[in-house]
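Novice: My questions all concern the structure below.
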Amino acid sequence: MALMDLYKKYMYGTSGMGEPTQGLFGTGGEKSGGLIDFNKMNNQQGGLLQNIPQTALLGSALFGQGMQGKDPFSALLPAVTQTAQLQKYMTPKVGTTKEVYDVKLQKNVFATEKQIQSTPDRFTPKLEDQSKISRDQTKNLQGLFTNNAIVKDFNMASTQFSKLTASAKQESAAGDMSMIFTYMKILDPTSVVREGEQATAKSAGGVPDRVWNAYNKAVTGEKLTETQRADFVGTASKLYNANIKQYDAFKNSFGSSIEQYGLDSSQVFLSGDLRPKQVKTKDGEIIDTSKAQLLDFDMATGEMIYVLPGGMKFRIKK
């Protein structure tokens, strides 16, 4: 038998008079249906040689075995083994996985970095990590907020205004003395007047004469008139409301960050704000009052009088 006929017999089988024989790549002399079917081999994805089909690799391996003097069938097994090894090295590794939260499945799953990067809206940090991220973000914003000079000044103003209104309700010389002393500290925090001691122009600092003169009278036991007392409280209310406006403007600057990260604002805005966060109307409606402005303090009832941005007024005991 000629060498070429022998080659065709091994490669594509023979038709002959009897049953067709099967070759390596064909049956009955046809180029299909052999031990290795070209039509059923798919290219492998990935790798520098990703476009090289398995058949080409196998053919190359068989050729190499033939160069070593081996006939095609005896060379088939080592050639297939060699092809599998080549494809193993040429196919990229999937990569290690890590635990993430699957928004679609609503649970933690394991995914590769490629999967995470290709669908970032679906895979997010796992729930435990999200909680830590949220706590860290809250802590950072809380620090930026509470350590700011505007908030510190507001907290001090809240404390002073509370003390002033509490003293005003006493309607006594001692109460008046304490009220005016607090009022002087509101006007000029650098004042070195000590409560209970006579004030002088030097010790009173930038406090107006009429104020420290009224204070000295209260030290000696002289009470203020109702009109004088109401005037001090009314002016102090306006000064405190100026602090409220400045505080609210600074507070609003954090709104976008809190919304973006889905944080609890009550854990960020820690302050001495005297305003209620919400009130309930007579009809049972709950109204947000966190942005209310202070109008005055009613000494007769001990109520703070506020007005909402829409113009609605309400009273609440301090």
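Residue numbers start at 1 in each chain; chains themselves are named A, B, ... in the order of the structure tokens; ligands are numbered from 1 in the order shown.
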Each residue of range 232-303 of chain A lying at most 7 Å from range 163-184 of chain A should get a row with its shortest atom-to-atom pair and the distance in Å to one decimal, counting only C-alpha atoms; could you produce that, ordered by chain and increasing number, as CSV?
Specialist:
```
residue,atom,partner,partner_atom,distance
A:Val233,CA,A:Thr165,CA,6.9
A:Ala236,CA,A:Tyr183,CA,6.9
A:Met299,CA,A:Lys169,CA,5.7
```
Novice: Keeping only N, CA and C atoms, write those residues as a PDB file, in the first residue's frame.
Specialist:
```
ATOM      1  N   VAL A 233     -35.010  89.433  77.892  1.00  0.00           N
ATOM      2  CA  VAL A 233     -35.351  88.119  77.335  1.00  0.00           C
ATOM      3  C   VAL A 233     -35.605  88.222  75.830  1.00  0.00           C
ATOM      4  N   ALA A 236     -32.302  88.678  74.062  1.00  0.00           N
ATOM      5  CA  ALA A 236     -31.546  87.422  74.114  1.00  0.00           C
ATOM      6  C   ALA A 236     -32.125  86.402  73.130  1.00  0.00           C
ATOM      7  N   MET A 299     -42.404  84.370  79.463  1.00  0.00           N
ATOM      8  CA  MET A 299     -42.017  84.147  80.856  1.00  0.00           C
ATOM      9  C   MET A 299     -43.193  83.709  81.712  1.00  0.00           C
TER      10      MET A 299
END
```
Novice: Please list as a tab-separated table (two decimals) with C-alpha atoms, in the first residue's frame every residue within 12 Å of range 116-119 of chain A, counting only C-alpha atoms and excluding residues in the same chain fewer than 4 positions away.
Specialist:
```tsv
chain	number	residue	atom	x	y	z
A	95	GLY	CA	-9.40	34.17	39.78
A	96	THR	CA	-10.07	34.00	43.47
A	97	THR	CA	-13.50	34.90	44.76
A	98	LYS	CA	-14.55	37.07	47.65
A	99	GLU	CA	-17.76	37.46	49.59
A	100	VAL	CA	-20.02	40.28	48.43
A	101	TYR	CA	-23.68	41.22	48.67
A	102	ASP	CA	-25.82	40.28	45.66
A	103	VAL	CA	-28.52	42.94	45.29
A	104	LYS	CA	-30.51	40.70	42.94
A	109	VAL	CA	-22.49	35.42	47.70
A	110	PHE	CA	-18.99	34.70	46.41
A	111	ALA	CA	-17.96	36.40	43.15
A	112	THR	CA	-14.78	37.00	41.18
A	123	PHE	CA	-22.46	43.31	43.64
A	124	THR	CA	-21.74	45.59	46.59
A	125	PRO	CA	-19.71	45.14	49.80
A	126	LYS	CA	-21.18	42.39	51.96
```
Novice: Mind checking which residues fall within 9 Å of range 276-286 of chain A, counting only C-alpha atoms, ignoring those fewer than 4 positions away in the same chain, and posting them as a count of residues only?
Specialist: 5
Novice: Can you work out the spacing between CA of Pro189 in chain A and CA of Arg210 in chain A in Å, to one decimal?
Specialist: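 We find that CA of Pro189 in chain A and CA of Arg210 in chain A lie 17.6 Å from each other.
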Novice: Using only C-alpha atoms, can you tell me which of A:Ile287, A:Ile244, A:Ala199, A:Leu105 comes closest to Lys217 in chain A?
Specialist: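 That would be A:Ala199, the residue with the smallest distance to Lys217 in chain A.
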Novice: Provide the CA of Asn216 in chain A to CA of Gln198 in chain A distance in Å, to one decimal place.
Specialist: 5.4 Å
Novice: From range 214-290 of chain A, collect each residue whose DSSP state is strand (DSSP E or B) and return the set as an MDAnalysis selection string.
Specialist: chainID A and resid 278:280 286:288
Novice: Got time to write the residues from that selection, C-alpha atoms, as an mmCIF file, in the first residue's frame?
Specialist:
```cif
data_model
loop_
_atom_site.group_PDB
_atom_site.id
_atom_site.type_symbol
_atom_site.label_atom_id
_atom_site.label_comp_id
_atom_site.auth_asym_id
_atom_site.auth_seq_id
_atom_site.Cartn_x
_atom_site.Cartn_y
_atom_site.Cartn_z
ATOM 1 C CA GLN A 278 -41.221 67.335 65.524
ATOM 2 C CA VAL A 279 -44.546 68.256 67.087
ATOM 3 C CA LYS A 280 -48.023 66.780 66.946
ATOM 4 C CA ILE A 286 -46.834 65.068 62.907
ATOM 5 C CA ILE A 287 -44.880 68.112 61.697
ATOM 6 C CA ASP A 288 -41.121 68.424 61.222
#
```
Novice: Within 8 Å of range 151-153 of chain A, counting only C-alpha atoms, which residues qualify if same-chain residues fewer than 3 places away don't, as number ranges by chain?
Specialist: A: 145-148, 156-157, 243, 247, 271
Novice: Residues as selected, C-alpha atoms, written as a short mmCIF file (atom, residue, chain, number, x, y, z; two decimals), in the first residue's frame, can you do that?
Specialist:
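Printed below is part_22.cif as written:
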```
data_model
loop_
_atom_site.label_atom_id
_atom_site.label_comp_id
_atom_site.auth_asym_id
_atom_site.auth_seq_id
_atom_site.Cartn_x
_atom_site.Cartn_y
_atom_site.Cartn_z
CA PHE A 145 -19.84 68.56 62.52
CA THR A 146 -19.37 68.59 66.29
CA ASN A 147 -15.81 69.95 66.18
CA ASN A 148 -16.69 72.94 64.02
CA MET A 156 -22.67 77.47 74.20
CA ALA A 157 -25.43 79.85 73.11
CA ASN A 243 -27.05 81.48 66.26
CA TYR A 247 -26.15 76.67 62.77
CA SER A 271 -25.70 69.32 69.44
#
```
Novice: Which residues are close to Val268 in chain A, i.e. within 12 Å by only C-alpha atoms, leaving aside same-chain residues fewer than 6 positions away? Reply as JSON, numbers by chain.
Specialist: {"A": [134, 135, 136, 137, 138, 139, 140, 141, 142, 143, 144, 145, 146, 147, 251, 252, 254, 255, 257, 258, 262]}
Novice: Limited to C-alpha atoms, could you put the picked residues into a file as a PDB file, in the first residue's frame?
Specialist:
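What landed in out-v7.pdb:
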```pdb
ATOM      1  CA  SER A 134     -21.748  53.202  57.442  1.00  0.00           C
ATOM      2  CA  ARG A 135     -20.418  53.442  61.007  1.00  0.00           C
ATOM      3  CA  ASP A 136     -17.108  54.883  59.813  1.00  0.00           C
ATOM      4  CA  GLN A 137     -18.820  57.433  57.563  1.00  0.00           C
ATOM      5  CA  THR A 138     -21.157  58.459  60.373  1.00  0.00           C
ATOM      6  CA  LYS A 139     -18.232  58.840  62.783  1.00  0.00           C
ATOM      7  CA  ASN A 140     -16.268  60.952  60.276  1.00  0.00           C
ATOM      8  CA  LEU A 141     -19.170  63.294  59.527  1.00  0.00           C
ATOM      9  CA  GLN A 142     -20.061  63.493  63.208  1.00  0.00           C
ATOM     10  CA  GLY A 143     -16.500  64.602  63.994  1.00  0.00           C
ATOM     11  CA  LEU A 144     -16.517  67.237  61.246  1.00  0.00           C
ATOM     12  CA  PHE A 145     -19.836  68.555  62.524  1.00  0.00           C
ATOM     13  CA  THR A 146     -19.368  68.594  66.290  1.00  0.00           C
ATOM     14  CA  ASN A 147     -15.806  69.945  66.179  1.00  0.00           C
ATOM     15  CA  LYS A 251     -26.031  71.799  59.162  1.00  0.00           C
ATOM     16  CA  ASN A 252     -27.658  71.896  55.711  1.00  0.00           C
ATOM     17  CA  PHE A 254     -24.082  67.983  55.266  1.00  0.00           C
ATOM     18  CA  GLY A 255     -27.382  67.007  53.650  1.00  0.00           C
ATOM     19  CA  SER A 257     -23.405  63.476  52.015  1.00  0.00           C
ATOM     20  CA  ILE A 258     -25.895  61.993  54.473  1.00  0.00           C
ATOM     21  CA  GLY A 262     -27.850  56.644  53.500  1.00  0.00           C
TER      22      GLY A 262
END
```
Novice: Hey, can you check how far CA of Asn155 in chain A sits from CA of Gly272 in chain A?
Specialist: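 Taking CA of Asn155 in chain A and CA of Gly272 in chain A, their separation equals 4.9 Å.
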Novice: Mind listing the helix (DSSP H, G or I) residues of range 83-246 of chain A, per DSSP on the backbone, as a ChimeraX atom specification?
Specialist: /A:83-90,113-118,127-146,149-168,173-187,201-204,209-219,226-246
Novice: Which residues come within 9 Å of Leu274 in chain A, counting only C-alpha atoms, excluding same-chain residues fewer than 5 positions away, as a PDB file with C-alpha atoms, in the first residue's frame?
Specialist:
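Contents of result_2.pdb, as written:
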```pdb
ATOM      1  CA  SER A 158     -28.048  77.149  73.803  1.00  0.00           C
ATOM      2  CA  SER A 162     -31.463  78.148  78.825  1.00  0.00           C
ATOM      3  CA  LYS A 318     -38.544  74.458  77.344  1.00  0.00           C
TER       4      LYS A 318
END
```
